[in-house]
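Have a look at data_21.cif; it's mmCIF, N, CA and C atoms:
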```cif
data_protein
#
loop_
_atom_site.label_atom_id
_atom_site.label_comp_id
_atom_site.auth_asym_id
_atom_site.auth_seq_id
_atom_site.Cartn_x
_atom_site.Cartn_y
_atom_site.Cartn_z
N MET E 333 -62.52 30.33 -48.67
CA MET E 333 -61.33 30.32 -47.87
C MET E 333 -61.33 31.56 -46.97
N VAL E 334 -61.11 31.34 -45.69
CA VAL E 334 -61.11 32.44 -44.74
C VAL E 334 -59.69 32.93 -44.56
N GLN E 335 -59.52 34.23 -44.66
CA GLN E 335 -58.20 34.82 -44.45
C GLN E 335 -58.28 35.73 -43.25
N ASN E 336 -57.34 35.53 -42.37
CA ASN E 336 -57.23 36.40 -41.20
C ASN E 336 -56.12 37.39 -41.46
N SER E 337 -56.35 38.62 -41.03
CA SER E 337 -55.30 39.61 -41.20
C SER E 337 -55.19 40.42 -39.92
N ILE E 338 -54.01 40.90 -39.68
CA ILE E 338 -53.73 41.73 -38.53
C ILE E 338 -53.21 43.07 -39.04
N ILE E 339 -53.83 44.11 -38.57
CA ILE E 339 -53.38 45.45 -38.92
C ILE E 339 -52.69 46.03 -37.70
N VAL E 340 -51.44 46.39 -37.84
CA VAL E 340 -50.65 46.89 -36.72
C VAL E 340 -50.42 48.38 -36.92
N HIS E 341 -50.89 49.16 -35.94
CA HIS E 341 -50.70 50.61 -35.97
C HIS E 341 -49.99 51.03 -34.69
N ASN E 342 -49.13 51.95 -34.82
CA ASN E 342 -48.48 52.59 -33.67
C ASN E 342 -47.72 51.61 -32.77
N LEU E 343 -47.11 50.61 -33.35
CA LEU E 343 -46.25 49.69 -32.59
C LEU E 343 -44.84 49.82 -33.11
N ASN E 344 -43.91 49.95 -32.19
CA ASN E 344 -42.53 49.94 -32.64
C ASN E 344 -42.05 48.49 -32.73
N VAL E 345 -40.84 48.30 -33.17
CA VAL E 345 -40.31 46.96 -33.40
C VAL E 345 -40.28 46.15 -32.11
N LEU E 346 -39.88 46.75 -31.01
CA LEU E 346 -39.79 46.04 -29.74
C LEU E 346 -41.17 45.62 -29.24
N GLN E 347 -42.16 46.47 -29.39
CA GLN E 347 -43.51 46.13 -28.98
C GLN E 347 -44.08 44.99 -29.83
N PHE E 348 -43.82 45.05 -31.13
CA PHE E 348 -44.27 43.99 -32.03
C PHE E 348 -43.59 42.67 -31.70
N GLU E 349 -42.29 42.72 -31.42
CA GLU E 349 -41.54 41.52 -31.06
C GLU E 349 -42.10 40.91 -29.78
N GLU E 350 -42.41 41.73 -28.80
CA GLU E 350 -42.96 41.25 -27.53
C GLU E 350 -44.34 40.63 -27.75
N LEU E 351 -45.15 41.24 -28.58
CA LEU E 351 -46.47 40.71 -28.90
C LEU E 351 -46.35 39.35 -29.58
N LEU E 352 -45.44 39.26 -30.50
CA LEU E 352 -45.21 38.01 -31.22
C LEU E 352 -44.71 36.92 -30.27
N LYS E 353 -43.76 37.25 -29.41
CA LYS E 353 -43.23 36.28 -28.45
C LYS E 353 -44.33 35.75 -27.53
N SER E 354 -45.14 36.64 -27.01
CA SER E 354 -46.19 36.21 -26.08
C SER E 354 -47.22 35.32 -26.77
N THR E 355 -47.54 35.64 -28.01
CA THR E 355 -48.50 34.82 -28.76
C THR E 355 -47.94 33.44 -29.04
N VAL E 356 -46.70 33.37 -29.48
CA VAL E 356 -46.07 32.08 -29.77
C VAL E 356 -45.92 31.26 -28.50
N LYS E 357 -45.52 31.90 -27.40
CA LYS E 357 -45.37 31.20 -26.13
C LYS E 357 -46.71 30.63 -25.67
N GLU E 358 -47.77 31.39 -25.79
CA GLU E 358 -49.10 30.93 -25.40
C GLU E 358 -49.52 29.71 -26.22
N GLN E 359 -49.30 29.76 -27.52
CA GLN E 359 -49.65 28.64 -28.39
C GLN E 359 -48.80 27.40 -28.06
N PHE E 360 -47.52 27.61 -27.81
CA PHE E 360 -46.64 26.49 -27.46
C PHE E 360 -47.06 25.87 -26.14
N ASP E 361 -47.39 26.68 -25.14
CA ASP E 361 -47.83 26.16 -23.84
C ASP E 361 -49.12 25.36 -23.97
N ASN E 362 -50.03 25.83 -24.81
CA ASN E 362 -51.27 25.08 -25.06
C ASN E 362 -50.97 23.74 -25.70
N PHE E 363 -50.09 23.74 -26.67
CA PHE E 363 -49.70 22.51 -27.36
C PHE E 363 -49.04 21.53 -26.39
N LYS E 364 -48.13 22.05 -25.57
CA LYS E 364 -47.42 21.21 -24.61
C LYS E 364 -48.37 20.61 -23.58
N SER E 365 -49.32 21.38 -23.11
CA SER E 365 -50.27 20.86 -22.11
C SER E 365 -51.17 19.80 -22.72
N ASN E 366 -51.51 19.93 -23.99
CA ASN E 366 -52.32 18.90 -24.65
C ASN E 366 -51.56 17.59 -24.77
N ILE E 367 -50.27 17.67 -25.02
CA ILE E 367 -49.46 16.46 -25.16
C ILE E 367 -49.24 15.79 -23.81
N THR E 368 -48.96 16.56 -22.79
CA THR E 368 -48.61 15.98 -21.49
C THR E 368 -49.82 15.58 -20.67
N ASN E 369 -51.03 15.87 -21.11
CA ASN E 369 -52.22 15.51 -20.35
C ASN E 369 -52.71 14.10 -20.64
N THR E 370 -51.90 13.27 -21.26
CA THR E 370 -52.33 11.90 -21.50
C THR E 370 -52.27 11.12 -20.21
N ASN E 371 -53.19 10.21 -20.04
CA ASN E 371 -53.28 9.42 -18.82
C ASN E 371 -52.44 8.16 -19.00
N ASP E 372 -51.26 8.13 -18.36
CA ASP E 372 -50.35 6.99 -18.51
C ASP E 372 -50.75 5.79 -17.67
N ASP E 373 -51.69 5.94 -16.74
CA ASP E 373 -52.11 4.82 -15.91
C ASP E 373 -53.38 4.16 -16.43
N GLU E 374 -53.78 4.49 -17.63
CA GLU E 374 -54.99 3.90 -18.17
C GLU E 374 -54.75 2.44 -18.55
N LEU E 375 -55.82 1.67 -18.51
CA LEU E 375 -55.76 0.27 -18.92
C LEU E 375 -55.92 0.19 -20.42
N LEU E 376 -55.09 -0.63 -21.03
CA LEU E 376 -55.15 -0.84 -22.47
C LEU E 376 -55.56 -2.28 -22.74
N THR E 377 -56.36 -2.48 -23.76
CA THR E 377 -56.69 -3.83 -24.20
C THR E 377 -55.49 -4.40 -24.96
N ARG E 378 -55.57 -5.67 -25.30
CA ARG E 378 -54.48 -6.26 -26.09
C ARG E 378 -54.32 -5.52 -27.42
N GLU E 379 -55.44 -5.26 -28.06
CA GLU E 379 -55.39 -4.58 -29.36
C GLU E 379 -54.78 -3.19 -29.24
N GLU E 380 -55.18 -2.43 -28.24
CA GLU E 380 -54.63 -1.09 -28.04
C GLU E 380 -53.13 -1.16 -27.74
N THR E 381 -52.72 -2.18 -27.01
CA THR E 381 -51.31 -2.32 -26.63
C THR E 381 -50.45 -2.65 -27.84
N TYR E 382 -50.86 -3.62 -28.64
CA TYR E 382 -49.99 -3.94 -29.78
C TYR E 382 -50.02 -2.86 -30.84
N LYS E 383 -51.10 -2.07 -30.90
CA LYS E 383 -51.11 -0.93 -31.82
C LYS E 383 -50.21 0.19 -31.29
N LEU E 384 -50.21 0.39 -29.96
CA LEU E 384 -49.33 1.40 -29.36
C LEU E 384 -47.87 1.07 -29.64
N LEU E 385 -47.51 -0.21 -29.49
CA LEU E 385 -46.12 -0.63 -29.70
C LEU E 385 -45.80 -0.91 -31.16
N LYS E 386 -46.82 -0.89 -32.01
CA LYS E 386 -46.64 -1.17 -33.44
C LYS E 386 -46.01 -2.54 -33.66
N ILE E 387 -46.60 -3.54 -32.98
CA ILE E 387 -46.15 -4.92 -33.11
C ILE E 387 -47.35 -5.79 -33.45
N ASP E 388 -47.08 -7.04 -33.78
CA ASP E 388 -48.12 -8.00 -34.07
C ASP E 388 -48.68 -8.57 -32.76
N SER E 389 -49.90 -9.06 -32.80
CA SER E 389 -50.51 -9.62 -31.58
C SER E 389 -49.74 -10.83 -31.07
N SER E 390 -49.15 -11.61 -31.97
CA SER E 390 -48.37 -12.77 -31.53
C SER E 390 -47.10 -12.34 -30.79
N THR E 391 -46.52 -11.22 -31.19
CA THR E 391 -45.35 -10.69 -30.50
C THR E 391 -45.73 -10.24 -29.10
N LEU E 392 -46.87 -9.58 -28.95
CA LEU E 392 -47.34 -9.16 -27.64
C LEU E 392 -47.57 -10.38 -26.75
N TRP E 393 -48.16 -11.42 -27.30
CA TRP E 393 -48.40 -12.65 -26.55
C TRP E 393 -47.08 -13.26 -26.10
N ALA E 394 -46.08 -13.32 -27.00
CA ALA E 394 -44.78 -13.90 -26.66
C ALA E 394 -44.07 -13.08 -25.58
N TRP E 395 -44.10 -11.77 -25.69
CA TRP E 395 -43.46 -10.91 -24.70
C TRP E 395 -44.14 -11.05 -23.34
N THR E 396 -45.46 -11.20 -23.35
CA THR E 396 -46.18 -11.38 -22.09
C THR E 396 -45.82 -12.73 -21.47
N LYS E 397 -45.76 -13.77 -22.29
CA LYS E 397 -45.43 -15.12 -21.81
C LYS E 397 -44.00 -15.16 -21.24
N LYS E 398 -43.07 -14.41 -21.86
CA LYS E 398 -41.67 -14.38 -21.39
C LYS E 398 -41.49 -13.45 -20.19
N GLY E 399 -42.49 -12.67 -19.85
CA GLY E 399 -42.40 -11.76 -18.72
C GLY E 399 -41.82 -10.40 -19.04
N LYS E 400 -41.64 -10.11 -20.31
CA LYS E 400 -41.12 -8.80 -20.70
C LYS E 400 -42.15 -7.70 -20.45
N ILE E 401 -43.41 -8.06 -20.59
CA ILE E 401 -44.51 -7.14 -20.38
C ILE E 401 -45.49 -7.81 -19.43
N LYS E 402 -45.99 -7.06 -18.46
CA LYS E 402 -46.90 -7.60 -17.46
C LYS E 402 -48.34 -7.36 -17.88
N ALA E 403 -49.14 -8.42 -17.83
CA ALA E 403 -50.56 -8.34 -18.18
C ALA E 403 -51.40 -8.52 -16.92
N TYR E 404 -52.57 -7.94 -16.92
CA TYR E 404 -53.53 -8.05 -15.83
C TYR E 404 -54.82 -8.60 -16.40
N GLY E 405 -55.51 -9.41 -15.61
CA GLY E 405 -56.72 -10.02 -16.12
C GLY E 405 -57.93 -9.78 -15.27
N ILE E 406 -59.05 -9.67 -15.94
CA ILE E 406 -60.36 -9.65 -15.31
C ILE E 406 -61.19 -10.66 -16.11
N ALA E 407 -61.66 -11.69 -15.41
CA ALA E 407 -62.35 -12.80 -16.08
C ALA E 407 -61.39 -13.38 -17.12
N ASN E 408 -61.79 -13.46 -18.37
CA ASN E 408 -60.86 -13.97 -19.38
C ASN E 408 -60.41 -12.85 -20.33
N ARG E 409 -60.33 -11.65 -19.81
CA ARG E 409 -59.81 -10.52 -20.59
C ARG E 409 -58.45 -10.12 -20.03
N ARG E 410 -57.59 -9.66 -20.94
CA ARG E 410 -56.26 -9.20 -20.54
C ARG E 410 -56.15 -7.71 -20.77
N TYR E 411 -55.48 -7.06 -19.81
CA TYR E 411 -55.25 -5.63 -19.90
C TYR E 411 -53.79 -5.33 -19.58
N TYR E 412 -53.35 -4.21 -20.07
CA TYR E 412 -51.98 -3.75 -19.84
C TYR E 412 -52.06 -2.31 -19.34
N ILE E 413 -51.16 -1.95 -18.44
CA ILE E 413 -51.13 -0.58 -17.93
C ILE E 413 -50.14 0.21 -18.78
N LYS E 414 -50.62 1.32 -19.34
CA LYS E 414 -49.83 2.09 -20.30
C LYS E 414 -48.50 2.55 -19.71
N SER E 415 -48.48 3.01 -18.47
CA SER E 415 -47.23 3.49 -17.87
C SER E 415 -46.21 2.35 -17.74
N GLU E 416 -46.68 1.14 -17.44
CA GLU E 416 -45.77 0.00 -17.36
C GLU E 416 -45.23 -0.39 -18.73
N ILE E 417 -46.06 -0.28 -19.74
CA ILE E 417 -45.62 -0.57 -21.11
C ILE E 417 -44.53 0.41 -21.51
N LEU E 418 -44.73 1.68 -21.21
CA LEU E 418 -43.73 2.70 -21.57
C LEU E 418 -42.44 2.52 -20.78
N LYS E 419 -42.52 2.02 -19.55
CA LYS E 419 -41.32 1.78 -18.75
C LYS E 419 -40.52 0.60 -19.29
N CYS E 420 -41.18 -0.32 -19.98
CA CYS E 420 -40.49 -1.48 -20.55
C CYS E 420 -39.55 -1.09 -21.70
N LEU E 421 -39.81 0.04 -22.30
CA LEU E 421 -38.97 0.49 -23.40
C LEU E 421 -37.60 0.90 -22.83
N ILE E 422 -36.56 0.34 -23.41
CA ILE E 422 -35.21 0.62 -22.93
C ILE E 422 -34.42 1.34 -24.02
N PRO E 423 -33.53 2.22 -23.63
CA PRO E 423 -32.71 2.90 -24.65
C PRO E 423 -31.71 1.93 -25.26
N LEU E 424 -31.52 2.06 -26.54
CA LEU E 424 -30.56 1.21 -27.23
C LEU E 424 -29.21 1.90 -27.29
N LYS E 425 -28.16 1.10 -27.20
CA LYS E 425 -26.80 1.67 -27.31
C LYS E 425 -26.53 1.95 -28.76
N GLN E 426 -25.97 3.11 -29.02
CA GLN E 426 -25.69 3.50 -30.40
C GLN E 426 -24.27 3.14 -30.78
#
```
Write the structure described by the file as structure tokens, please.
Amino acid sequence: MVQNSIIVHNLNVLQFEELLKSTVKEQFDNFKSNITNTNDDELLTREETYKLLKIDSSTLWAWTKKGKIKAYGIANRRYYIKSEILKCLIPLKQ
């Protein structure tokens, strides 16, 4: 097991607080950029789409047939655009 340790010498409380804030902010910004760098215009297969929505394949087929979700085809393959799928989600009234 690897243990990392930090030895702090000659830092007052304000300097330590500033160091801690900058480190946490940097880590948070890295985390946020990793989350927001997803490509929402990517094409999804049927399997990827129903897994994204956590639904059954028959539900995806029914929603596509009813026009709730728009599908695109190349030859006899169907694709869905991720950004359009996410736009189909509507807020529910509480």
Problem - Atom pair atom CA of Leu392 of chain E / atom N of Ile413 of chain E: separation (Å) - result: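 For atom CA of Leu392 of chain E relative to atom N of Ile413 of chain E, the distance reads 12.3 Å.
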Practice task
Grab the atom CA of Trp393 of chain E to atom CA of Ile422 of chain E distance for me, in Å with one decimal place.
Solution key: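 One can read the atom CA of Trp393 of chain E to atom CA of Ile422 of chain E distance as 19.1 Å.
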Exercise for the section: Once DSSP has gone over the backbone, tell me which residues of chain E are in strand (DSSP E), as a ChimeraX atom specification. Expected result: /E:375-377,404-406,409-413
Create the file for the chosen residues now, containing N, CA and C atoms and written as a short mmCIF file (atom, residue, chain, number, x, y, z; two decimals), in the coordinates of the input.
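File part-v9.cif, as written:
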```
data_model
loop_
_atom_site.label_atom_id
_atom_site.label_comp_id
_atom_site.auth_asym_id
_atom_site.auth_seq_id
_atom_site.Cartn_x
_atom_site.Cartn_y
_atom_site.Cartn_z
N LEU E 375 -55.82 1.67 -18.51
CA LEU E 375 -55.76 0.27 -18.92
C LEU E 375 -55.92 0.19 -20.42
N LEU E 376 -55.09 -0.63 -21.03
CA LEU E 376 -55.15 -0.84 -22.47
C LEU E 376 -55.56 -2.28 -22.74
N THR E 377 -56.36 -2.48 -23.76
CA THR E 377 -56.69 -3.83 -24.20
C THR E 377 -55.49 -4.40 -24.96
N TYR E 404 -52.57 -7.94 -16.92
CA TYR E 404 -53.53 -8.05 -15.83
C TYR E 404 -54.82 -8.60 -16.40
N GLY E 405 -55.51 -9.41 -15.61
CA GLY E 405 -56.72 -10.02 -16.12
C GLY E 405 -57.93 -9.78 -15.27
N ILE E 406 -59.05 -9.67 -15.94
CA ILE E 406 -60.36 -9.65 -15.31
C ILE E 406 -61.19 -10.66 -16.11
N ARG E 409 -60.33 -11.65 -19.81
CA ARG E 409 -59.81 -10.52 -20.59
C ARG E 409 -58.45 -10.12 -20.03
N ARG E 410 -57.59 -9.66 -20.94
CA ARG E 410 -56.26 -9.20 -20.54
C ARG E 410 -56.15 -7.71 -20.77
N TYR E 411 -55.48 -7.06 -19.81
CA TYR E 411 -55.25 -5.63 -19.90
C TYR E 411 -53.79 -5.33 -19.58
N TYR E 412 -53.35 -4.21 -20.07
CA TYR E 412 -51.98 -3.75 -19.84
C TYR E 412 -52.06 -2.31 -19.34
N ILE E 413 -51.16 -1.95 -18.44
CA ILE E 413 -51.13 -0.58 -17.93
C ILE E 413 -50.14 0.21 -18.78
#
```
As a check of understanding, name the residues that the PyMOL selection byres ((chain E and resi 375) around 6.5) selects in the supplied structure, as a tab-separated table (two decimals) with N, CA and C atoms, keeping the file's coordinate frame.
```tsv
chain	number	residue	atom	x	y	z
E	373	ASP	N	-51.69	5.94	-16.74
E	373	ASP	CA	-52.11	4.82	-15.91
E	373	ASP	C	-53.38	4.16	-16.43
E	374	GLU	N	-53.78	4.49	-17.63
E	374	GLU	CA	-54.99	3.90	-18.17
E	374	GLU	C	-54.75	2.44	-18.55
E	376	LEU	N	-55.09	-0.63	-21.03
E	376	LEU	CA	-55.15	-0.84	-22.47
E	376	LEU	C	-55.56	-2.28	-22.74
E	377	THR	N	-56.36	-2.48	-23.76
E	377	THR	CA	-56.69	-3.83	-24.20
E	377	THR	C	-55.49	-4.40	-24.96
E	411	TYR	N	-55.48	-7.06	-19.81
E	411	TYR	CA	-55.25	-5.63	-19.90
E	411	TYR	C	-53.79	-5.33	-19.58
E	412	TYR	N	-53.35	-4.21	-20.07
E	412	TYR	CA	-51.98	-3.75	-19.84
E	412	TYR	C	-52.06	-2.31	-19.34
E	413	ILE	N	-51.16	-1.95	-18.44
E	413	ILE	CA	-51.13	-0.58	-17.93
E	413	ILE	C	-50.14	0.21	-18.78
E	414	LYS	N	-50.62	1.32	-19.34
E	414	LYS	CA	-49.83	2.09	-20.30
E	414	LYS	C	-48.50	2.55	-19.71
```
Completion exercise
One decimal place gives the atom N of Pro423 of chain E-atom CA of Ala403 of chain E separation as 20.8 Å
